[in-house]
$ cat run-v7.csv   # CSV, N, CA and C atoms
chain,number,residue,atom,x,y,z
A,218,MET,N,114.5,89.6,73.4
A,218,MET,CA,114.6,90.7,74.4
A,218,MET,C,116.1,90.9,74.7
A,219,PRO,N,116.5,92.2,74.6
A,219,PRO,CA,117.9,92.5,74.9
A,219,PRO,C,118.3,92.2,76.3
A,220,GLU,N,119.6,91.8,76.5
A,220,GLU,CA,120.1,91.5,77.8
A,220,GLU,C,120.2,92.7,78.6
A,221,LYS,N,119.8,92.6,79.9
A,221,LYS,CA,119.9,93.8,80.8
A,221,LYS,C,121.3,94.1,81.1
A,222,ILE,N,121.6,95.4,81.2
A,222,ILE,CA,122.9,95.9,81.5
A,222,ILE,C,122.8,96.5,82.9
A,223,PHE,N,123.6,95.9,83.9
A,223,PHE,CA,123.7,96.4,85.2
A,223,PHE,C,124.9,97.3,85.4
A,224,SER,N,124.8,98.3,86.3
A,224,SER,CA,125.9,99.2,86.5
A,224,SER,C,127.1,98.5,87.1
A,225,THR,N,128.3,98.8,86.7
A,225,THR,CA,129.5,98.4,87.3
A,225,THR,C,130.4,99.6,87.4
A,226,LYS,N,131.5,99.5,88.1
A,226,LYS,CA,132.4,100.7,88.3
A,226,LYS,C,133.0,101.1,86.9
A,227,ASN,N,133.0,100.3,85.9
A,227,ASN,CA,133.5,100.6,84.6
A,227,ASN,C,132.5,101.2,83.6
A,228,ASN,N,131.2,101.0,83.9
A,228,ASN,CA,130.2,101.5,83.0
A,228,ASN,C,129.2,102.5,83.7
A,229,LEU,N,129.5,103.0,84.8
A,229,LEU,CA,128.6,103.9,85.5
A,229,LEU,C,128.3,105.1,84.6
A,230,GLN,N,127.0,105.5,84.6
A,230,GLN,CA,126.6,106.7,83.9
A,230,GLN,C,126.6,107.9,84.9
A,231,ILE,N,127.8,108.6,85.0
A,231,ILE,CA,127.9,109.7,85.9
A,231,ILE,C,127.5,111.0,85.3
A,232,LEU,N,126.5,111.6,85.9
A,232,LEU,CA,126.0,112.9,85.3
A,232,LEU,C,126.7,114.1,85.9
A,233,HIS,N,127.1,114.0,87.2
A,233,HIS,CA,127.8,115.0,87.9
A,233,HIS,C,128.7,114.4,89.0
A,234,GLU,N,129.8,115.0,89.2
A,234,GLU,CA,130.7,114.5,90.3
A,234,GLU,C,131.5,115.7,90.8
A,235,ASP,N,131.5,115.9,92.1
A,235,ASP,CA,132.4,116.9,92.7
A,235,ASP,C,132.8,116.3,94.1
A,236,ASN,N,133.4,117.2,94.9
A,236,ASN,CA,133.9,116.7,96.2
A,236,ASN,C,132.8,116.3,97.2
A,237,HIS,N,131.6,116.8,97.0
A,237,HIS,CA,130.5,116.6,97.9
A,237,HIS,C,129.5,115.6,97.5
A,238,ILE,N,129.2,115.5,96.2
A,238,ILE,CA,128.1,114.7,95.7
A,238,ILE,C,128.6,113.9,94.4
A,239,ILE,N,127.9,112.9,94.1
A,239,ILE,CA,128.0,112.2,92.8
A,239,ILE,C,126.6,111.8,92.4
A,240,VAL,N,126.3,112.1,91.1
A,240,VAL,CA,125.0,111.9,90.6
A,240,VAL,C,125.1,110.9,89.5
A,241,ILE,N,124.3,109.8,89.6
A,241,ILE,CA,124.3,108.7,88.7
A,241,ILE,C,123.0,108.5,88.0
A,242,ASN,N,123.0,108.1,86.7
A,242,ASN,CA,121.8,107.6,86.0
A,242,ASN,C,121.7,106.1,86.3
A,243,LYS,N,120.7,105.8,87.1
A,243,LYS,CA,120.4,104.4,87.5
A,243,LYS,C,119.7,103.7,86.4
A,244,ARG,N,120.3,102.5,86.1
A,244,ARG,CA,119.7,101.6,85.1
A,244,ARG,C,118.5,100.8,85.6
A,245,VAL,N,117.6,100.4,84.8
A,245,VAL,CA,116.6,99.4,85.2
A,245,VAL,C,117.3,98.2,85.7
A,246,GLY,N,116.8,97.7,86.8
A,246,GLY,CA,117.4,96.5,87.4
A,246,GLY,C,118.4,96.7,88.5
A,247,ASP,N,119.1,97.9,88.5
A,247,ASP,CA,120.0,98.3,89.6
A,247,ASP,C,119.2,98.5,90.8
A,248,ILE,N,119.7,98.0,92.0
A,248,ILE,CA,119.1,98.3,93.3
A,248,ILE,C,120.0,99.3,94.0
A,249,VAL,N,119.4,100.3,94.5
A,249,VAL,CA,120.2,101.4,95.1
A,249,VAL,C,120.9,101.0,96.4
A,250,GLN,N,120.1,100.4,97.3
A,250,GLN,CA,120.7,99.9,98.6
A,250,GLN,C,120.6,98.4,98.7
A,251,GLY,N,121.4,97.8,99.5
A,251,GLY,CA,121.3,96.3,99.7
A,251,GLY,C,120.0,95.9,100.2
A,252,ASP,N,119.6,94.7,99.9
A,252,ASP,CA,118.4,94.1,100.4
A,252,ASP,C,118.6,92.6,100.6
A,253,LYS,N,117.5,91.9,100.9
A,253,LYS,CA,117.6,90.4,101.2
A,253,LYS,C,118.0,89.6,99.9
A,254,THR,N,118.0,90.2,98.7
A,254,THR,CA,118.4,89.4,97.5
A,254,THR,C,119.9,89.1,97.5
A,255,GLY,N,120.6,90.0,98.2
A,255,GLY,CA,122.1,89.9,98.2
A,255,GLY,C,122.7,90.4,96.9
A,256,ASP,N,121.9,91.0,96.0
A,256,ASP,CA,122.5,91.6,94.8
A,256,ASP,C,123.3,92.8,95.1
A,257,LYS,N,124.4,93.0,94.4
A,257,LYS,CA,125.2,94.2,94.7
A,257,LYS,C,124.5,95.5,94.4
A,258,PRO,N,124.4,96.3,95.4
A,258,PRO,CA,123.7,97.6,95.2
A,258,PRO,C,124.5,98.6,94.5
A,259,LEU,N,123.8,99.6,93.9
A,259,LEU,CA,124.5,100.7,93.2
A,259,LEU,C,125.4,101.4,94.1
A,260,SER,N,125.0,101.6,95.4
A,260,SER,CA,125.8,102.3,96.3
A,260,SER,C,127.2,101.7,96.5
A,261,GLU,N,127.3,100.3,96.4
A,261,GLU,CA,128.6,99.6,96.5
A,261,GLU,C,129.4,99.8,95.2
A,262,VAL,N,128.7,99.8,94.1
A,262,VAL,CA,129.3,100.0,92.8
A,262,VAL,C,130.0,101.4,92.8
A,263,VAL,N,129.2,102.4,93.2
A,263,VAL,CA,129.8,103.8,93.2
A,263,VAL,C,131.0,103.9,94.2
A,264,LYS,N,130.9,103.2,95.3
A,264,LYS,CA,132.1,103.2,96.3
A,264,LYS,C,133.3,102.6,95.6
A,265,GLU,N,133.1,101.5,94.8
A,265,GLU,CA,134.2,100.9,94.1
A,265,GLU,C,134.8,101.9,93.1
A,266,TYR,N,133.9,102.6,92.4
A,266,TYR,CA,134.4,103.5,91.4
A,266,TYR,C,135.2,104.6,92.0
A,267,ILE,N,134.7,105.2,93.2
A,267,ILE,CA,135.4,106.3,93.9
A,267,ILE,C,136.8,105.8,94.4
A,268,LYS,N,136.8,104.6,95.0
A,268,LYS,CA,138.0,104.0,95.6
A,268,LYS,C,139.1,103.8,94.5
A,269,ASP,N,138.6,103.3,93.3
A,269,ASP,CA,139.6,103.1,92.2
A,269,ASP,C,140.1,104.4,91.6
A,270,LYS,N,139.1,105.3,91.3
A,270,LYS,CA,139.5,106.6,90.6
A,270,LYS,C,140.4,107.4,91.5
A,271,TYR,N,140.2,107.5,92.8
A,271,TYR,CA,141.0,108.4,93.6
A,271,TYR,C,142.0,107.6,94.5
A,272,ASN,N,142.2,106.3,94.2
A,272,ASN,CA,143.2,105.5,94.9
A,272,ASN,C,143.0,105.6,96.4
A,273,LYS,N,141.8,105.5,96.9
A,273,LYS,CA,141.5,105.7,98.3
A,273,LYS,C,141.8,104.4,99.1
A,274,PRO,N,142.6,104.5,100.1
A,274,PRO,CA,142.8,103.4,101.0
A,274,PRO,C,141.6,103.2,101.9
A,275,GLY,N,141.4,102.0,102.3
A,275,GLY,CA,140.3,101.8,103.3
A,275,GLY,C,138.9,102.0,102.8
A,276,GLU,N,138.0,102.2,103.7
A,276,GLU,CA,136.6,102.4,103.3
A,276,GLU,C,136.3,103.7,102.7
A,277,VAL,N,135.4,103.8,101.8
A,277,VAL,CA,134.9,105.0,101.1
A,277,VAL,C,133.6,105.4,101.7
A,278,PHE,N,133.4,106.6,102.1
A,278,PHE,CA,132.1,107.1,102.6
A,278,PHE,C,131.2,107.4,101.4
A,279,LEU,N,130.0,106.9,101.4
A,279,LEU,CA,129.0,107.3,100.4
A,279,LEU,C,127.6,107.2,101.1
A,280,GLY,N,126.9,108.3,101.1
A,280,GLY,CA,125.6,108.4,101.8
A,280,GLY,C,124.5,108.3,100.7
A,281,VAL,N,123.6,107.4,101.0
A,281,VAL,CA,122.4,107.3,100.1
A,281,VAL,C,121.4,108.3,100.5
A,282,VAL,N,121.1,109.3,99.6
A,282,VAL,CA,120.2,110.4,99.9
A,282,VAL,C,118.8,110.0,99.7
A,283,HIS,N,118.5,109.2,98.6
A,283,HIS,CA,117.2,108.8,98.3
A,283,HIS,C,117.3,107.5,97.4
A,284,ARG,N,116.2,106.9,97.2
A,284,ARG,CA,116.2,105.6,96.4
A,284,ARG,C,115.2,105.7,95.2
A,285,LEU,N,115.5,104.8,94.3
A,285,LEU,CA,114.5,104.6,93.2
A,285,LEU,C,114.2,103.1,93.2
A,286,ASP,N,113.0,102.7,92.9
A,286,ASP,CA,112.7,101.3,92.8
A,286,ASP,C,113.5,100.6,91.7
A,287,ARG,N,113.8,99.3,91.9
A,287,ARG,CA,114.6,98.5,91.0
A,287,ARG,C,114.1,98.5,89.6
A,288,PRO,N,112.8,98.4,89.3
A,288,PRO,CA,112.4,98.4,87.9
A,288,PRO,C,112.4,99.8,87.2
A,289,THR,N,112.8,100.8,87.8
A,289,THR,CA,112.8,102.1,87.2
A,289,THR,C,114.2,102.6,86.9
A,290,THR,N,114.3,103.6,86.1
A,290,THR,CA,115.5,104.2,85.8
A,290,THR,C,115.4,105.7,86.2
A,291,GLY,N,116.5,106.4,86.4
A,291,GLY,CA,116.4,107.8,86.8
A,291,GLY,C,117.7,108.2,87.5
A,292,ILE,N,117.6,109.4,88.0
A,292,ILE,CA,118.8,110.1,88.6
A,292,ILE,C,118.8,109.7,90.1
A,293,VAL,N,120.0,109.3,90.5
A,293,VAL,CA,120.2,109.0,92.0
A,293,VAL,C,121.3,109.9,92.5
A,294,LEU,N,121.1,110.6,93.5
A,294,LEU,CA,122.1,111.5,94.2
A,294,LEU,C,122.7,110.8,95.4
A,295,PHE,N,124.0,110.7,95.4
A,295,PHE,CA,124.7,110.2,96.6
A,295,PHE,C,125.6,111.3,97.2
A,296,ALA,N,125.7,111.3,98.5
A,296,ALA,CA,126.6,112.2,99.2
A,296,ALA,C,128.0,111.6,99.4
A,297,ARG,N,129.0,112.4,99.1
A,297,ARG,CA,130.4,111.9,99.2
A,297,ARG,C,131.0,112.2,100.6
A,298,THR,N,130.3,113.1,101.3
A,298,THR,CA,130.8,113.4,102.7
A,298,THR,C,129.6,113.4,103.6
A,299,SER,N,129.9,113.2,104.9
A,299,SER,CA,128.9,113.1,105.9
A,299,SER,C,128.2,114.5,106.0
A,300,LYS,N,128.9,115.5,105.9
A,300,LYS,CA,128.3,116.9,105.9
A,300,LYS,C,127.3,117.1,104.8
A,301,ALA,N,127.6,116.6,103.6
A,301,ALA,CA,126.7,116.7,102.5
A,301,ALA,C,125.5,115.9,102.7
A,302,LEU,N,125.7,114.7,103.3
A,302,LEU,CA,124.5,113.8,103.6
A,302,LEU,C,123.5,114.5,104.5
A,303,VAL,N,124.0,115.1,105.6
A,303,VAL,CA,123.2,115.8,106.5
A,303,VAL,C,122.4,116.9,105.8
A,304,ARG,N,123.1,117.7,105.1
A,304,ARG,CA,122.4,118.8,104.4
A,304,ARG,C,121.4,118.3,103.3
A,305,LEU,N,121.7,117.3,102.6
A,305,LEU,CA,120.8,116.8,101.6
A,305,LEU,C,119.6,116.1,102.2
A,306,ASN,N,119.8,115.4,103.3
A,306,ASN,CA,118.7,114.8,104.0
A,306,ASN,C,117.7,115.8,104.5
A,307,GLU,N,118.2,117.0,105.0
A,307,GLU,CA,117.4,118.1,105.4
A,307,GLU,C,116.5,118.6,104.3
A,308,LEU,N,117.2,118.8,103.1
A,308,LEU,CA,116.5,119.3,102.0
A,308,LEU,C,115.3,118.4,101.6
A,309,PHE,N,115.6,117.1,101.6
A,309,PHE,CA,114.5,116.1,101.3
A,309,PHE,C,113.4,116.1,102.4
A,310,LYS,N,113.9,116.1,103.6
A,310,LYS,CA,112.9,116.0,104.7
A,310,LYS,C,112.0,117.2,104.7
A,311,ASN,N,112.5,118.4,104.4
A,311,ASN,CA,111.7,119.6,104.4
A,311,ASN,C,111.1,119.9,103.0
A,312,ARG,N,111.2,118.9,102.1
A,312,ARG,CA,110.6,119.0,100.8
A,312,ARG,C,111.0,120.2,100.0
A,313,GLU,N,112.3,120.5,100.1
A,313,GLU,CA,112.9,121.6,99.4
A,313,GLU,C,113.5,121.2,98.1
A,314,THR,N,113.2,120.0,97.7
A,314,THR,CA,113.7,119.4,96.4
A,314,THR,C,112.5,119.3,95.5
A,315,GLN,N,112.8,119.3,94.2
A,315,GLN,CA,111.8,119.1,93.2
A,315,GLN,C,112.0,117.8,92.5
A,316,LYS,N,111.0,116.9,92.4
A,316,LYS,CA,111.1,115.6,91.7
A,316,LYS,C,110.2,115.7,90.5
A,317,THR,N,110.7,115.2,89.4
A,317,THR,CA,110.0,115.1,88.2
A,317,THR,C,109.9,113.6,87.8
A,318,TYR,N,108.7,113.1,87.6
A,318,TYR,CA,108.4,111.8,87.1
A,318,TYR,C,108.0,111.8,85.7
A,319,TRP,N,108.6,111.0,84.9
A,319,TRP,CA,108.2,110.9,83.5
A,319,TRP,C,107.7,109.4,83.3
A,320,ALA,N,106.7,109.3,82.4
A,320,ALA,CA,106.2,107.9,82.1
A,320,ALA,C,106.1,107.8,80.6
A,321,ILE,N,106.3,106.6,80.1
A,321,ILE,CA,106.1,106.3,78.7
A,321,ILE,C,104.7,105.7,78.6
A,322,VAL,N,103.9,106.3,77.7
A,322,VAL,CA,102.5,105.8,77.6
A,322,VAL,C,102.3,105.4,76.2
A,323,LYS,N,101.3,104.5,76.0
A,323,LYS,CA,101.0,103.9,74.7
A,323,LYS,C,100.3,105.0,73.8
A,324,ASN,N,99.3,105.7,74.3
A,324,ASN,CA,98.6,106.7,73.5
A,324,ASN,C,98.8,108.1,74.1
A,325,LYS,N,98.7,109.1,73.3
A,325,LYS,CA,98.8,110.5,73.7
A,325,LYS,C,97.6,110.8,74.7
A,326,PRO,N,98.0,111.3,75.9
A,326,PRO,CA,96.9,111.7,76.9
A,326,PRO,C,96.0,112.7,76.3
A,327,GLN,N,94.7,112.7,76.7
A,327,GLN,CA,93.7,113.7,76.2
A,327,GLN,C,94.1,115.1,76.7
A,328,LYS,N,94.6,115.2,77.9
A,328,LYS,CA,95.0,116.5,78.5
A,328,LYS,C,96.5,116.6,78.6
A,329,THR,N,97.0,117.8,78.4
A,329,THR,CA,98.5,118.0,78.5
A,329,THR,C,98.9,118.1,80.0
A,330,GLU,N,97.9,118.4,80.9
A,330,GLU,CA,98.3,118.5,82.3
A,330,GLU,C,97.0,118.1,83.1
A,331,ASP,N,97.3,117.4,84.1
A,331,ASP,CA,96.2,116.9,85.0
A,331,ASP,C,96.7,116.4,86.3
A,332,LYS,N,95.9,115.9,87.2
A,332,LYS,CA,96.3,115.4,88.5
A,332,LYS,C,95.7,114.0,88.6
A,333,LEU,N,96.6,113.1,89.0
A,333,LEU,CA,96.1,111.7,89.2
A,333,LEU,C,96.5,111.3,90.6
A,334,VAL,N,95.6,110.9,91.4
A,334,VAL,CA,95.9,110.4,92.7
A,334,VAL,C,95.5,108.9,92.7
A,335,HIS,N,96.4,108.0,93.0
A,335,HIS,CA,96.2,106.6,92.9
A,335,HIS,C,97.1,105.9,93.8
A,336,PHE,N,96.9,104.6,93.9
A,336,PHE,CA,97.8,103.8,94.8
A,336,PHE,C,98.6,102.8,93.9
A,337,LEU,N,99.8,102.6,94.2
A,337,LEU,CA,100.6,101.6,93.6
A,337,LEU,C,100.5,100.3,94.4
A,338,LYS,N,100.3,99.2,93.7
A,338,LYS,CA,100.3,97.9,94.4
A,338,LYS,C,101.6,97.2,94.3
A,339,ARG,N,102.2,96.9,95.4
A,339,ARG,CA,103.5,96.2,95.4
A,339,ARG,C,103.3,94.7,95.2
A,340,ASN,N,104.4,94.1,94.6
A,340,ASN,CA,104.4,92.7,94.5
A,340,ASN,C,104.8,92.1,95.9
A,341,GLU,N,103.8,91.5,96.6
A,341,GLU,CA,104.0,91.1,98.0
A,341,GLU,C,105.1,90.0,98.1
A,342,LYS,N,105.4,89.3,97.0
A,342,LYS,CA,106.4,88.3,97.1
A,342,LYS,C,107.8,88.9,97.2
A,343,THR,N,108.0,90.0,96.5
A,343,THR,CA,109.3,90.7,96.4
A,343,THR,C,109.5,91.9,97.4
A,344,THR,N,108.4,92.6,97.6
A,344,THR,CA,108.4,93.8,98.4
A,344,THR,C,107.1,93.9,99.3
A,345,PRO,N,107.1,93.1,100.4
A,345,PRO,CA,105.9,93.1,101.2
A,345,PRO,C,105.8,94.4,102.0
A,346,GLN,N,105.2,95.5,101.4
A,346,GLN,CA,105.0,96.7,102.1
A,346,GLN,C,103.6,97.2,101.8
A,347,LYS,N,103.2,98.3,102.5
A,347,LYS,CA,101.9,98.9,102.4
A,347,LYS,C,101.8,99.6,101.1
A,348,HIS,N,100.6,99.9,100.7
A,348,HIS,CA,100.3,100.7,99.5
A,348,HIS,C,100.8,102.2,99.7
A,349,ILE,N,101.2,102.8,98.7
A,349,ILE,CA,101.8,104.1,98.8
A,349,ILE,C,101.0,105.1,97.9
A,350,PRO,N,100.4,106.2,98.5
A,350,PRO,CA,99.7,107.1,97.6
A,350,PRO,C,100.7,107.8,96.7
A,351,VAL,N,100.3,108.0,95.4
A,351,VAL,CA,101.2,108.7,94.5
A,351,VAL,C,100.4,109.8,93.8
A,352,LYS,N,101.0,110.9,93.6
A,352,LYS,CA,100.4,112.0,92.9
A,352,LYS,C,101.2,112.4,91.7
A,353,PHE,N,100.5,112.4,90.5
A,353,PHE,CA,101.2,112.8,89.3
A,353,PHE,C,100.5,114.1,88.9
A,354,LEU,N,101.4,115.1,88.8
A,354,LEU,CA,100.9,116.5,88.6
A,354,LEU,C,100.8,116.9,87.1
A,355,LYS,N,101.7,116.4,86.3
A,355,LYS,CA,101.7,116.8,84.9
A,355,LYS,C,101.9,115.6,84.0
A,356,ALA,N,101.2,115.7,82.9
A,356,ALA,CA,101.4,114.6,81.9
A,356,ALA,C,101.7,115.4,80.6
A,357,LYS,N,102.8,115.0,79.9
A,357,LYS,CA,103.1,115.7,78.7
A,357,LYS,C,103.3,114.7,77.6
$ encode --input "run-v7.csv" --output "structure tokens"
Amino acid sequence: MPEKIFSTKNNLQILHEDNHIIVINKRVGDIVQGDKTGDKPLSEVVKEYIKDKYNKPGEVFLGVVHRLDRPTTGIVLFARTSKALVRLNELFKNRETQKTYWAIVKNKPQKTEDKLVHFLKRNEKTTPQKHIPVKFLKAK
């Protein structure tokens, strides 16, 4: 099995960056925010990247707009200003964003589009939380 690659300030996969936001491709195994494991979160890695790239003295502001679970990969949006964080939080709160979930499947689905309503079961040892309903709208 290949060795996992975790994000560092030198290997971040930056998809977009401007004065207000930075968009990162999160690798499998990266954790977006700190937790009880003590592993370095992606948010801290991105702060280090910004601090070094722009020679910023002191603390760097970086707002976590949303999260992705550790075993998944995908796009993570961070706010670089408090104003951007407030505006982006409102967009997510009011469901004015569009999320697309892709899955790798073993066999081709019988239908090209369908609806699945199911519950994900969390590993109680690592993430003791309630079940979360999930809706998958399209399968391609």
$ select_by_dssp --input "run-v7.csv" --residues "chain A" --states "strand (DSSP E or B)" --output "short mmCIF file (atom, residue, chain, number, x, y, z; two decimals) with N, CA and C atoms, in the frame of the given file"
data_model
loop_
_atom_site.label_atom_id
_atom_site.label_comp_id
_atom_site.auth_asym_id
_atom_site.auth_seq_id
_atom_site.Cartn_x
_atom_site.Cartn_y
_atom_site.Cartn_z
N ILE A 231 127.80 108.60 85.00
CA ILE A 231 127.90 109.70 85.90
C ILE A 231 127.50 111.00 85.30
N LEU A 232 126.50 111.60 85.90
CA LEU A 232 126.00 112.90 85.30
C LEU A 232 126.70 114.10 85.90
N HIS A 233 127.10 114.00 87.20
CA HIS A 233 127.80 115.00 87.90
C HIS A 233 128.70 114.40 89.00
N GLU A 234 129.80 115.00 89.20
CA GLU A 234 130.70 114.50 90.30
C GLU A 234 131.50 115.70 90.80
N ILE A 238 129.20 115.50 96.20
CA ILE A 238 128.10 114.70 95.70
C ILE A 238 128.60 113.90 94.40
N ILE A 239 127.90 112.90 94.10
CA ILE A 239 128.00 112.20 92.80
C ILE A 239 126.60 111.80 92.40
N VAL A 240 126.30 112.10 91.10
CA VAL A 240 125.00 111.90 90.60
C VAL A 240 125.10 110.90 89.50
N ILE A 241 124.30 109.80 89.60
CA ILE A 241 124.30 108.70 88.70
C ILE A 241 123.00 108.50 88.00
N ASN A 242 123.00 108.10 86.70
CA ASN A 242 121.80 107.60 86.00
C ASN A 242 121.70 106.10 86.30
N LYS A 243 120.70 105.80 87.10
CA LYS A 243 120.40 104.40 87.50
C LYS A 243 119.70 103.70 86.40
N GLY A 280 126.90 108.30 101.10
CA GLY A 280 125.60 108.40 101.80
C GLY A 280 124.50 108.30 100.70
N VAL A 281 123.60 107.40 101.00
CA VAL A 281 122.40 107.30 100.10
C VAL A 281 121.40 108.30 100.50
N GLY A 291 116.50 106.40 86.40
CA GLY A 291 116.40 107.80 86.80
C GLY A 291 117.70 108.20 87.50
N ILE A 292 117.60 109.40 88.00
CA ILE A 292 118.80 110.10 88.60
C ILE A 292 118.80 109.70 90.10
N VAL A 293 120.00 109.30 90.50
CA VAL A 293 120.20 109.00 92.00
C VAL A 293 121.30 109.90 92.50
N LEU A 294 121.10 110.60 93.50
CA LEU A 294 122.10 111.50 94.20
C LEU A 294 122.70 110.80 95.40
N PHE A 295 124.00 110.70 95.40
CA PHE A 295 124.70 110.20 96.60
C PHE A 295 125.60 111.30 97.20
N ALA A 296 125.70 111.30 98.50
CA ALA A 296 126.60 112.20 99.20
C ALA A 296 128.00 111.60 99.40
N GLU A 330 97.90 118.40 80.90
CA GLU A 330 98.30 118.50 82.30
C GLU A 330 97.00 118.10 83.10
N ASP A 331 97.30 117.40 84.10
CA ASP A 331 96.20 116.90 85.00
C ASP A 331 96.70 116.40 86.30
N LYS A 332 95.90 115.90 87.20
CA LYS A 332 96.30 115.40 88.50
C LYS A 332 95.70 114.00 88.60
N LEU A 333 96.60 113.10 89.00
CA LEU A 333 96.10 111.70 89.20
C LEU A 333 96.50 111.30 90.60
N VAL A 334 95.60 110.90 91.40
CA VAL A 334 95.90 110.40 92.70
C VAL A 334 95.50 108.90 92.70
N HIS A 335 96.40 108.00 93.00
CA HIS A 335 96.20 106.60 92.90
C HIS A 335 97.10 105.90 93.80
N PHE A 336 96.90 104.60 93.90
CA PHE A 336 97.80 103.80 94.80
C PHE A 336 98.60 102.80 93.90
N LEU A 337 99.80 102.60 94.20
CA LEU A 337 100.60 101.60 93.60
C LEU A 337 100.50 100.30 94.40
N ILE A 349 101.20 102.80 98.70
CA ILE A 349 101.80 104.10 98.80
C ILE A 349 101.00 105.10 97.90
N PRO A 350 100.40 106.20 98.50
CA PRO A 350 99.70 107.10 97.60
C PRO A 350 100.70 107.80 96.70
N VAL A 351 100.30 108.00 95.40
CA VAL A 351 101.20 108.70 94.50
C VAL A 351 100.40 109.80 93.80
N LYS A 352 101.00 110.90 93.60
CA LYS A 352 100.40 112.00 92.90
C LYS A 352 101.20 112.40 91.70
N PHE A 353 100.50 112.40 90.50
CA PHE A 353 101.20 112.80 89.30
C PHE A 353 100.50 114.10 88.90
N LEU A 354 101.40 115.10 88.80
CA LEU A 354 100.90 116.50 88.60
C LEU A 354 100.80 116.90 87.10
N LYS A 355 101.70 116.40 86.30
CA LYS A 355 101.70 116.80 84.90
C LYS A 355 101.90 115.60 84.00
#
$ residues_around --input "run-v7.csv" --residues "Leu259 in chain A" --least-positions-apart "4" --cutoff "9 Å" --atoms "only C-alpha atoms" --output "ChimeraX atom specification"
/A:224-225,243,247-251,263-264
$ atom_distance --input "run-v7.csv" --atom1 "CA of Glu265 in chain A" --atom2 "atom C of Lys226 in chain A"
7.3 Å
$ atom_distance --input "run-v7.csv" --atom1 "CA of Thr289 in chain A" --atom2 "CA of Val245 in chain A"
5.1 Å
$ closest_residue --input "run-v7.csv" --among "A:Glu220, A:Asp256, A:Val262, A:Thr290" --to "Arg244 in chain A" --atoms "all atoms listed in the file"
A:Thr290
$ closest_residue --input "run-v7.csv" --among "A:Ile231, A:Asn236, A:Arg304, A:Arg297" --to "Val277 in chain A" --atoms "all atoms listed in the file"
A:Arg297
$ select_by_dssp --input "run-v7.csv" --residues "range 230-346 of chain A" --states "helix (DSSP H, G or I)" --output "PyMOL selection string"
chain A and resi 259-270+299-310
$ atom_distance --input "run-v7.csv" --atom1 "CA of Ile267 in chain A" --atom2 "atom C of Ile241 in chain A"
13.9 Å
$ residues_around --input "run-v7.csv" --residues "Asp235 in chain A" --least-positions-apart "4" --cutoff "10 Å" --atoms "only C-alpha atoms" --output "VMD selection string"
chain A and resid 239 to 240 296 to 297
$ decode --input "run-v7.csv" --residues "range 299-303 of chain A" --atoms "all heavy atoms" --output "short mmCIF file (atom, residue, chain, number, x, y, z; two decimals), in the first residue's frame"
data_model
loop_
_atom_site.label_atom_id
_atom_site.label_comp_id
_atom_site.auth_asym_id
_atom_site.auth_seq_id
_atom_site.Cartn_x
_atom_site.Cartn_y
_atom_site.Cartn_z
N SER A 299 -12.01 38.25 8.03
CA SER A 299 -13.20 38.06 8.88
C SER A 299 -14.48 38.43 8.12
O SER A 299 -15.51 37.80 8.29
CB SER A 299 -13.08 38.87 10.17
OG SER A 299 -12.91 40.24 9.88
N LYS A 300 -14.39 39.42 7.26
CA LYS A 300 -15.54 39.83 6.45
C LYS A 300 -15.96 38.71 5.50
O LYS A 300 -17.14 38.40 5.34
CB LYS A 300 -15.19 41.10 5.67
CG LYS A 300 -16.36 41.78 5.02
CD LYS A 300 -15.91 43.10 4.41
CE LYS A 300 -17.07 43.94 3.97
NZ LYS A 300 -16.65 45.25 3.44
N ALA A 301 -14.98 38.08 4.87
CA ALA A 301 -15.27 36.96 3.97
C ALA A 301 -15.87 35.80 4.74
O ALA A 301 -16.80 35.14 4.27
CB ALA A 301 -14.00 36.52 3.24
N LEU A 302 -15.38 35.56 5.96
CA LEU A 302 -15.90 34.45 6.77
C LEU A 302 -17.37 34.66 7.10
O LEU A 302 -18.19 33.74 6.96
CB LEU A 302 -15.09 34.30 8.06
CG LEU A 302 -15.54 33.19 9.00
CD1 LEU A 302 -15.44 31.83 8.33
CD2 LEU A 302 -14.71 33.22 10.29
N VAL A 303 -17.73 35.87 7.49
CA VAL A 303 -19.13 36.17 7.81
C VAL A 303 -20.01 35.95 6.58
O VAL A 303 -21.07 35.31 6.66
CB VAL A 303 -19.28 37.62 8.34
CG1 VAL A 303 -20.74 38.04 8.41
CG2 VAL A 303 -18.61 37.76 9.70
#
